[in-house]
$ cat start_33.txt   # compact mmCIF, C-alpha atoms
# COMPACT_ATOMS: atom_id res chain seq x y z
CA MET A 1 0.00 0.00 0.00
CA ILE A 2 1.21 3.49 -0.89
CA ALA A 3 0.08 6.41 1.24
CA MET A 4 -0.01 10.01 0.07
CA GLU A 5 -0.89 13.30 1.69
CA PRO A 6 -2.83 15.76 -0.49
CA ILE A 7 -1.00 19.06 -1.10
CA GLY A 8 -4.29 20.95 -1.41
CA VAL A 9 -7.92 20.88 -2.46
CA VAL A 10 -9.93 21.99 -5.51
CA ARG A 11 -12.45 24.81 -5.16
CA SER A 12 -14.73 24.75 -8.18
CA GLY A 13 -18.24 25.42 -9.37
CA LEU A 14 -18.39 21.79 -10.53
CA LYS A 15 -20.37 20.10 -7.78
CA SER A 16 -21.40 16.89 -9.54
CA ARG A 17 -20.18 14.69 -12.38
CA GLY A 18 -21.01 15.48 -15.98
CA GLY A 19 -20.57 19.24 -15.76
CA GLU A 20 -18.64 21.20 -18.38
CA ALA A 21 -15.21 22.49 -17.31
CA ASN A 22 -14.14 24.24 -20.51
CA GLY A 23 -13.82 27.99 -20.02
CA LYS A 24 -14.65 27.80 -16.31
CA GLU A 25 -12.40 28.98 -13.50
CA ALA A 26 -11.36 26.94 -10.48
CA THR A 27 -9.00 27.59 -7.58
CA LEU A 28 -6.33 25.21 -6.33
CA GLU A 29 -6.08 25.86 -2.61
CA ILE A 30 -2.58 24.73 -1.63
CA PHE A 31 -1.94 23.85 2.01
CA PRO A 32 0.61 26.06 3.88
CA ARG A 33 3.46 23.55 4.14
CA TYR A 34 3.52 23.00 0.35
CA ARG A 35 3.32 26.63 -0.83
CA GLY A 36 7.11 26.97 -1.25
CA GLY A 37 6.84 24.52 -4.14
CA LEU A 38 4.86 27.12 -6.14
CA ASP A 39 7.92 29.40 -6.70
CA GLY A 40 8.43 29.98 -10.42
CA LEU A 41 5.05 28.56 -11.42
CA ASP A 42 4.02 32.07 -12.52
CA HIS A 43 6.28 31.74 -15.60
CA LEU A 44 4.08 28.98 -17.02
CA SER A 45 0.97 29.44 -19.16
CA SER A 46 -0.36 25.98 -18.42
CA ILE A 47 0.20 23.31 -15.77
CA ASP A 48 -0.64 19.67 -15.19
CA VAL A 49 -2.83 19.16 -12.13
CA ILE A 50 -2.73 15.67 -10.62
CA TRP A 51 -5.82 15.15 -8.50
CA TYR A 52 -7.63 12.32 -6.80
CA GLY A 53 -11.10 11.29 -7.94
CA HIS A 54 -12.59 10.96 -4.48
CA LEU A 55 -16.01 10.08 -5.95
CA SER A 56 -14.64 7.66 -8.56
CA LYS A 57 -15.63 4.02 -8.59
CA GLU A 58 -13.13 1.18 -8.84
CA THR A 59 -13.76 -0.70 -12.06
CA LEU A 60 -11.77 -2.59 -14.71
CA ARG A 61 -14.09 -2.06 -17.68
CA VAL A 62 -15.89 1.09 -18.79
CA ILE A 63 -17.89 2.43 -21.71
CA PRO A 64 -15.84 5.45 -22.84
CA MET A 65 -17.47 8.74 -23.85
CA TYR A 66 -18.46 8.79 -27.56
CA SER A 67 -18.46 4.99 -27.73
CA SER A 68 -20.84 2.12 -27.05
CA GLU A 69 -18.20 -0.55 -26.55
CA LEU A 70 -17.03 -1.85 -23.18
CA LYS A 71 -13.26 -1.37 -22.88
CA GLY A 72 -10.48 -2.16 -20.45
CA VAL A 73 -10.16 0.91 -18.24
CA PHE A 74 -6.42 1.26 -18.89
CA ALA A 75 -7.16 1.94 -22.58
CA THR A 76 -9.22 4.99 -21.53
CA ARG A 77 -8.98 8.13 -19.40
CA SER A 78 -12.18 7.39 -17.49
CA PRO A 79 -12.26 8.85 -13.96
CA ASP A 80 -13.49 5.44 -12.74
CA ARG A 81 -10.44 3.17 -12.31
CA PRO A 82 -8.52 1.22 -9.65
CA ASN A 83 -6.39 4.21 -8.57
CA PRO A 84 -8.26 7.36 -9.63
CA ILE A 85 -5.17 9.52 -10.18
CA LEU A 86 -6.47 12.05 -12.68
CA VAL A 87 -4.28 14.30 -14.78
CA SER A 88 -5.61 17.54 -16.28
CA THR A 89 -3.64 20.06 -18.31
CA VAL A 90 -5.18 23.46 -17.57
CA ARG A 91 -4.56 27.11 -18.33
CA LEU A 92 -2.85 29.00 -15.50
CA LEU A 93 -4.56 32.31 -14.74
CA SER A 94 -2.87 33.65 -11.58
CA ILE A 95 -0.99 32.68 -8.44
CA ASP A 96 -0.95 34.08 -4.93
CA ILE A 97 1.77 32.13 -3.12
CA ASP A 98 1.11 33.78 0.26
CA LYS A 99 -2.53 32.75 0.19
CA GLY A 100 -1.73 29.44 -1.51
CA GLU A 101 -4.19 30.18 -4.30
CA VAL A 102 -3.65 29.06 -7.89
CA LYS A 103 -6.39 30.09 -10.30
CA VAL A 104 -6.83 27.94 -13.40
CA GLU A 105 -9.21 27.54 -16.32
CA GLY A 106 -10.64 24.29 -17.68
CA LEU A 107 -10.12 21.96 -14.72
CA ASP A 108 -12.52 19.00 -14.84
CA ALA A 109 -12.15 18.18 -11.13
CA LEU A 110 -15.15 18.33 -8.82
CA ASP A 111 -15.22 20.77 -5.93
CA GLY A 112 -13.46 19.22 -2.94
CA SER A 113 -11.16 16.91 -4.94
CA PRO A 114 -7.82 16.36 -3.19
CA ILE A 115 -4.80 17.68 -5.14
CA LEU A 116 -1.81 15.32 -5.16
CA ASP A 117 0.65 17.18 -7.38
CA ILE A 118 1.20 20.04 -9.83
CA LYS A 119 3.73 19.71 -12.67
CA HIS A 120 5.21 21.58 -15.60
CA PRO A 121 3.24 20.30 -18.60
CA THR A 122 5.00 18.35 -21.29
CA LYS A 123 4.15 17.27 -24.79
CA PRO A 124 3.66 13.52 -24.93
CA LYS A 125 6.20 11.56 -26.96
CA ARG A 126 4.43 9.42 -29.55
CA MET B 127 -4.23 10.39 3.86
CA ILE B 128 -4.98 8.64 0.58
CA ALA B 129 -4.06 4.97 0.20
CA MET B 130 -3.47 3.23 -3.12
CA GLU B 131 -2.65 -0.30 -4.16
CA PRO B 132 -0.16 -0.67 -7.02
CA ILE B 133 -1.59 -2.43 -10.08
CA GLY B 134 1.83 -3.80 -11.02
CA VAL B 135 5.57 -3.30 -11.02
CA VAL B 136 8.18 -2.09 -13.53
CA ARG B 137 10.83 -4.54 -14.81
CA SER B 138 13.59 -2.54 -16.42
CA GLY B 139 17.32 -2.47 -17.06
CA LEU B 140 17.39 0.92 -15.31
CA LYS B 141 18.70 0.04 -11.86
CA SER B 142 19.79 3.47 -10.64
CA ARG B 143 18.95 7.10 -11.27
CA GLY B 144 20.48 9.02 -14.16
CA GLY B 145 20.29 6.23 -16.73
CA GLU B 146 19.02 6.83 -20.26
CA ALA B 147 15.56 5.42 -21.05
CA ASN B 148 15.24 6.51 -24.69
CA GLY B 149 15.11 3.53 -27.03
CA LYS B 150 15.25 0.99 -24.18
CA GLU B 151 12.60 -1.65 -23.50
CA ALA B 152 10.88 -2.23 -20.17
CA THR B 153 8.09 -4.56 -19.06
CA LEU B 154 5.06 -3.54 -17.03
CA GLU B 155 4.18 -6.59 -14.95
CA ILE B 156 0.47 -6.22 -14.13
CA PHE B 157 -0.89 -8.09 -11.12
CA PRO B 158 -3.56 -10.78 -11.85
CA ARG B 159 -6.58 -8.96 -10.44
CA TYR B 160 -5.99 -5.90 -12.68
CA ARG B 161 -5.30 -7.67 -15.99
CA GLY B 162 -8.91 -7.34 -17.22
CA GLY B 163 -8.30 -3.60 -17.45
CA LEU B 164 -5.80 -4.18 -20.29
CA ASP B 165 -8.50 -5.18 -22.83
CA GLY B 166 -8.29 -2.94 -25.89
CA LEU B 167 -4.90 -1.49 -24.97
CA ASP B 168 -3.41 -3.28 -27.99
CA HIS B 169 -5.09 -0.72 -30.29
CA LEU B 170 -2.88 2.07 -28.94
CA SER B 171 0.58 2.99 -30.17
CA SER B 172 1.49 4.84 -26.99
CA ILE B 173 0.25 4.92 -23.39
CA ASP B 174 0.70 7.03 -20.29
CA VAL B 175 2.23 5.08 -17.42
CA ILE B 176 1.60 6.50 -13.95
CA TRP B 177 4.21 5.14 -11.57
CA TYR B 178 5.43 5.84 -8.06
CA GLY B 179 8.97 7.10 -7.50
CA HIS B 180 9.77 4.80 -4.60
CA LEU B 181 13.32 6.19 -4.37
CA SER B 182 12.27 9.83 -4.74
CA LYS B 183 12.98 12.37 -2.02
CA GLU B 184 10.35 14.74 -0.67
CA THR B 185 11.42 18.29 -1.47
CA LEU B 186 9.82 21.63 -2.32
CA ARG B 187 12.68 23.16 -4.33
CA VAL B 188 14.88 21.56 -6.97
CA ILE B 189 17.47 22.53 -9.58
CA PRO B 190 15.89 21.32 -12.83
CA MET B 191 17.94 19.57 -15.55
CA TYR B 192 19.60 22.07 -17.93
CA SER B 193 19.30 24.88 -15.39
CA SER B 194 21.30 26.25 -12.48
CA GLU B 195 18.43 27.99 -10.75
CA LEU B 196 16.57 26.63 -7.73
CA LYS B 197 12.85 26.37 -8.54
CA GLY B 198 9.64 25.45 -6.82
CA VAL B 199 9.14 21.75 -7.50
CA PHE B 200 5.60 22.25 -8.85
CA ALA B 201 7.08 24.28 -11.76
CA THR B 202 9.13 21.22 -12.79
CA ARG B 203 8.73 17.53 -13.57
CA SER B 204 11.48 16.48 -11.14
CA PRO B 205 11.01 12.95 -9.71
CA ASP B 206 11.73 14.42 -6.26
CA ARG B 207 8.50 15.99 -4.95
CA PRO B 208 5.98 15.65 -2.10
CA ASN B 209 3.93 12.92 -3.83
CA PRO B 210 6.19 11.28 -6.43
CA ILE B 211 3.43 10.37 -8.90
CA LEU B 212 5.37 10.23 -12.15
CA VAL B 213 3.77 10.28 -15.57
CA SER B 214 5.59 8.94 -18.63
CA THR B 215 4.24 8.70 -22.16
CA VAL B 216 5.87 5.66 -23.74
CA ARG B 217 5.66 3.64 -26.95
CA LEU B 218 3.63 0.47 -26.64
CA LEU B 219 5.41 -2.56 -28.11
CA SER B 220 3.28 -5.60 -27.19
CA ILE B 221 0.79 -6.97 -24.69
CA ASP B 222 0.22 -10.41 -23.25
CA ILE B 223 -2.93 -10.10 -21.15
CA ASP B 224 -2.79 -13.67 -19.83
CA LYS B 225 0.72 -13.18 -18.48
CA GLY B 226 -0.01 -9.58 -17.50
CA GLU B 227 2.96 -8.32 -19.48
CA VAL B 228 3.01 -4.98 -21.27
CA LYS B 229 6.24 -4.23 -23.15
CA VAL B 230 7.06 -0.56 -23.71
CA GLU B 231 9.90 1.59 -25.00
CA GLY B 232 11.29 4.75 -23.41
CA LEU B 233 10.07 4.36 -19.83
CA ASP B 234 12.22 6.37 -17.41
CA ALA B 235 11.11 4.38 -14.32
CA LEU B 236 13.63 2.43 -12.29
CA ASP B 237 13.36 -1.35 -12.00
CA GLY B 238 10.97 -2.20 -9.17
CA SER B 239 8.90 1.00 -9.36
CA PRO B 240 5.26 0.43 -8.38
CA ILE B 241 2.78 1.09 -11.20
CA LEU B 242 -0.32 3.01 -10.13
CA ASP B 243 -2.19 3.41 -13.40
CA ILE B 244 -2.07 3.15 -17.19
CA LYS B 245 -4.05 5.57 -19.39
CA HIS B 246 -4.83 6.42 -22.96
CA PRO B 247 -2.44 9.28 -23.77
CA THR B 248 -3.80 12.71 -24.59
CA LYS B 249 -2.42 15.87 -26.08
CA PRO B 250 -2.22 18.56 -23.44
CA LYS B 251 -4.54 21.56 -23.90
CA ARG B 252 -2.57 24.82 -23.84
$ encode --input "start_33.txt" --output "structure tokens"
Amino acid sequence: MIAMEPIGVVRSGLKSRGGEANGKEATLEIFPRYRGGLDGLDHLSSIDVIWYGHLSKETLRVIPMYSSELKGVFATRSPDRPNPILVSTVRLLSIDIDKGEVKVEGLDALDGSPILDIKHPTKPKR
Amino acid sequence: MIAMEPIGVVRSGLKSRGGEANGKEATLEIFPRYRGGLDGLDHLSSIDVIWYGHLSKETLRVIPMYSSELKGVFATRSPDRPNPILVSTVRLLSIDIDKGEVKVEGLDALDGSPILDIKHPTKPKR
């Protein structure tokens, strides 16, 4: 078993699944002891947010969006999966390190989702 | 605290940090109870592997590769960070679902790293 402590929590208008995140603002509320890790983030235009799907269900097969076929969950990005570690690349709007507030646009995490990590975004190699 | 069970383990020639992963093969050994989630993965040419940096150090500031400046860790993709959830997009070579073996190329995870998730890769939004 691997144990992790959230570095913060998502504050968002998305209160239930199925809402639209595009174009909407959310705030990453970073806990005091982790705020030093935000130094230099203000130079980025987008970031990867790694969050935990606290309302996700553990499943091995899902019907992906825009499909009618049951698929192995690892071939999809469904939020329902054995370890719901969810990765969203979002636009960075502003940072207040003292308050621990990171404002972003387009985050598809529900209000109250634990934040596990923030990273510099990268282009996938294909 | 959030607890997760690894879905598998990395078998790789990379035994210590600083090795080169480009062009090298590694095997994702998926534990029996999670193998059903691999159905349909064989249609993909690349996948995102989410692994746990079991040798990572917890730190808030790092000197990134190709830089001499100390930076907040959340502005980087350093393996050393509060929750070392590491995301690598790799080329998919072959899958044997019965054996739970997924062969990939270019994975920068050390031998023995716990695997937390596998996902369909996506282009980041910017």
$ closest_residue --input "start_33.txt" --among "A:Pro64, A:Pro114, A:Gly8, A:Pro84" --to "A:Arg33" --atoms "only C-alpha atoms"
A:Gly8
$ closest_residue --input "start_33.txt" --among "A:Gly18, A:Gly53, A:Gly100, A:Pro121" --to "chain B" --atoms "all atoms listed in the file"
A:Pro121
$ calpha_fit_and_write --input "start_33.txt" --fixed "chain A" --moving "chain B" --output "compact mmCIF listing (two decimals) with C-alpha atoms, in the coordinates of the input"
# COMPACT_ATOMS: atom_id res chain seq x y z
CA MET B 127 0.01 -0.01 0.00
CA ILE B 128 1.21 3.47 -0.90
CA ALA B 129 0.10 6.41 1.24
CA MET B 130 0.00 10.02 0.07
CA GLU B 131 -0.88 13.31 1.67
CA PRO B 132 -2.83 15.77 -0.49
CA ILE B 133 -1.00 19.05 -1.11
CA GLY B 134 -4.28 20.94 -1.42
CA VAL B 135 -7.91 20.87 -2.46
CA VAL B 136 -9.92 21.97 -5.51
CA ARG B 137 -12.46 24.81 -5.16
CA SER B 138 -14.72 24.73 -8.18
CA GLY B 139 -18.26 25.42 -9.35
CA LEU B 140 -18.39 21.79 -10.53
CA LYS B 141 -20.37 20.10 -7.78
CA SER B 142 -21.40 16.89 -9.54
CA ARG B 143 -20.19 14.69 -12.36
CA GLY B 144 -21.02 15.47 -15.98
CA GLY B 145 -20.57 19.24 -15.76
CA GLU B 146 -18.63 21.19 -18.39
CA ALA B 147 -15.20 22.48 -17.31
CA ASN B 148 -14.14 24.24 -20.52
CA GLY B 149 -13.81 27.98 -20.02
CA LYS B 150 -14.66 27.79 -16.30
CA GLU B 151 -12.39 28.99 -13.50
CA ALA B 152 -11.36 26.93 -10.48
CA THR B 153 -9.00 27.60 -7.58
CA LEU B 154 -6.33 25.22 -6.34
CA GLU B 155 -6.08 25.86 -2.60
CA ILE B 156 -2.56 24.74 -1.62
CA PHE B 157 -1.92 23.85 2.01
CA PRO B 158 0.63 26.07 3.88
CA ARG B 159 3.47 23.56 4.13
CA TYR B 160 3.53 23.00 0.34
CA ARG B 161 3.33 26.63 -0.83
CA GLY B 162 7.11 26.98 -1.25
CA GLY B 163 6.84 24.54 -4.14
CA LEU B 164 4.87 27.13 -6.15
CA ASP B 165 7.90 29.41 -6.71
CA GLY B 166 8.43 29.99 -10.42
CA LEU B 167 5.04 28.57 -11.43
CA ASP B 168 4.00 32.07 -12.53
CA HIS B 169 6.26 31.74 -15.60
CA LEU B 170 4.06 28.98 -17.03
CA SER B 171 0.96 29.46 -19.15
CA SER B 172 -0.37 25.98 -18.42
CA ILE B 173 0.19 23.31 -15.77
CA ASP B 174 -0.66 19.67 -15.20
CA VAL B 175 -2.83 19.16 -12.13
CA ILE B 176 -2.74 15.68 -10.62
CA TRP B 177 -5.84 15.17 -8.50
CA TYR B 178 -7.62 12.31 -6.80
CA GLY B 179 -11.10 11.29 -7.94
CA HIS B 180 -12.59 10.95 -4.48
CA LEU B 181 -16.01 10.07 -5.94
CA SER B 182 -14.63 7.67 -8.56
CA LYS B 183 -15.64 4.02 -8.59
CA GLU B 184 -13.13 1.19 -8.84
CA THR B 185 -13.76 -0.68 -12.08
CA LEU B 186 -11.78 -2.58 -14.71
CA ARG B 187 -14.10 -2.04 -17.69
CA VAL B 188 -15.90 1.12 -18.79
CA ILE B 189 -17.88 2.45 -21.74
CA PRO B 190 -15.83 5.47 -22.85
CA MET B 191 -17.47 8.77 -23.87
CA TYR B 192 -18.48 8.80 -27.57
CA SER B 193 -18.44 5.00 -27.73
CA SER B 194 -20.83 2.14 -27.05
CA GLU B 195 -18.20 -0.52 -26.55
CA LEU B 196 -17.03 -1.82 -23.18
CA LYS B 197 -13.26 -1.35 -22.87
CA GLY B 198 -10.49 -2.15 -20.46
CA VAL B 199 -10.16 0.91 -18.24
CA PHE B 200 -6.40 1.24 -18.87
CA ALA B 201 -7.17 1.95 -22.57
CA THR B 202 -9.22 5.00 -21.51
CA ARG B 203 -8.96 8.13 -19.39
CA SER B 204 -12.18 7.38 -17.48
CA PRO B 205 -12.25 8.85 -13.94
CA ASP B 206 -13.48 5.44 -12.72
CA ARG B 207 -10.43 3.16 -12.33
CA PRO B 208 -8.51 1.21 -9.66
CA ASN B 209 -6.39 4.21 -8.57
CA PRO B 210 -8.25 7.36 -9.62
CA ILE B 211 -5.17 9.53 -10.19
CA LEU B 212 -6.48 12.06 -12.68
CA VAL B 213 -4.28 14.30 -14.78
CA SER B 214 -5.61 17.53 -16.29
CA THR B 215 -3.66 20.07 -18.30
CA VAL B 216 -5.20 23.46 -17.56
CA ARG B 217 -4.56 27.13 -18.32
CA LEU B 218 -2.86 29.00 -15.51
CA LEU B 219 -4.57 32.32 -14.73
CA SER B 220 -2.88 33.66 -11.57
CA ILE B 221 -1.00 32.69 -8.43
CA ASP B 222 -0.96 34.08 -4.92
CA ILE B 223 1.76 32.15 -3.12
CA ASP B 224 1.11 33.77 0.27
CA LYS B 225 -2.54 32.74 0.21
CA GLY B 226 -1.73 29.44 -1.50
CA GLU B 227 -4.18 30.17 -4.29
CA VAL B 228 -3.65 29.06 -7.88
CA LYS B 229 -6.41 30.09 -10.29
CA VAL B 230 -6.84 27.94 -13.40
CA GLU B 231 -9.22 27.54 -16.31
CA GLY B 232 -10.64 24.29 -17.69
CA LEU B 233 -10.13 21.96 -14.72
CA ASP B 234 -12.53 19.00 -14.85
CA ALA B 235 -12.15 18.16 -11.13
CA LEU B 236 -15.14 18.32 -8.82
CA ASP B 237 -15.22 20.77 -5.92
CA GLY B 238 -13.46 19.21 -2.94
CA SER B 239 -11.15 16.92 -4.93
CA PRO B 240 -7.81 16.36 -3.19
CA ILE B 241 -4.81 17.67 -5.15
CA LEU B 242 -1.82 15.33 -5.19
CA ASP B 243 0.64 17.19 -7.38
CA ILE B 244 1.20 20.04 -9.83
CA LYS B 245 3.72 19.72 -12.68
CA HIS B 246 5.21 21.56 -15.60
CA PRO B 247 3.23 20.28 -18.60
CA THR B 248 4.97 18.32 -21.32
CA LYS B 249 4.13 17.23 -24.81
CA PRO B 250 3.65 13.48 -24.92
CA LYS B 251 6.24 11.50 -26.91
CA ARG B 252 4.54 9.30 -29.52
$ interface_residues --input "start_33.txt" --of "chain B" --to "chain A" --cutoff "8 Å" --atoms "all atoms listed in the file" --output "PyMOL selection string"
chain B and resi 127-133+160+162-167+170-172+186-187+197-203+208-209+211+215-217+242-252
$ atom_distance --input "start_33.txt" --atom1 "atom CA of B:Pro158" --atom2 "atom CA of B:Arg137"
16.0 Å
$ atom_distance --input "start_33.txt" --atom1 "atom CA of A:Ala21" --atom2 "atom CA of A:Ser113"
14.2 Å
$ atom_distance --input "start_33.txt" --atom1 "atom CA of A:Ile63" --atom2 "atom CA of B:Ala152"
29.2 Å
$ residues_around --input "start_33.txt" --residues "B:Gly145" --least-positions-apart "4" --cutoff "9 Å" --atoms "all atoms listed in the file" --output "ChimeraX atom specification"
/B:140-141,234,236
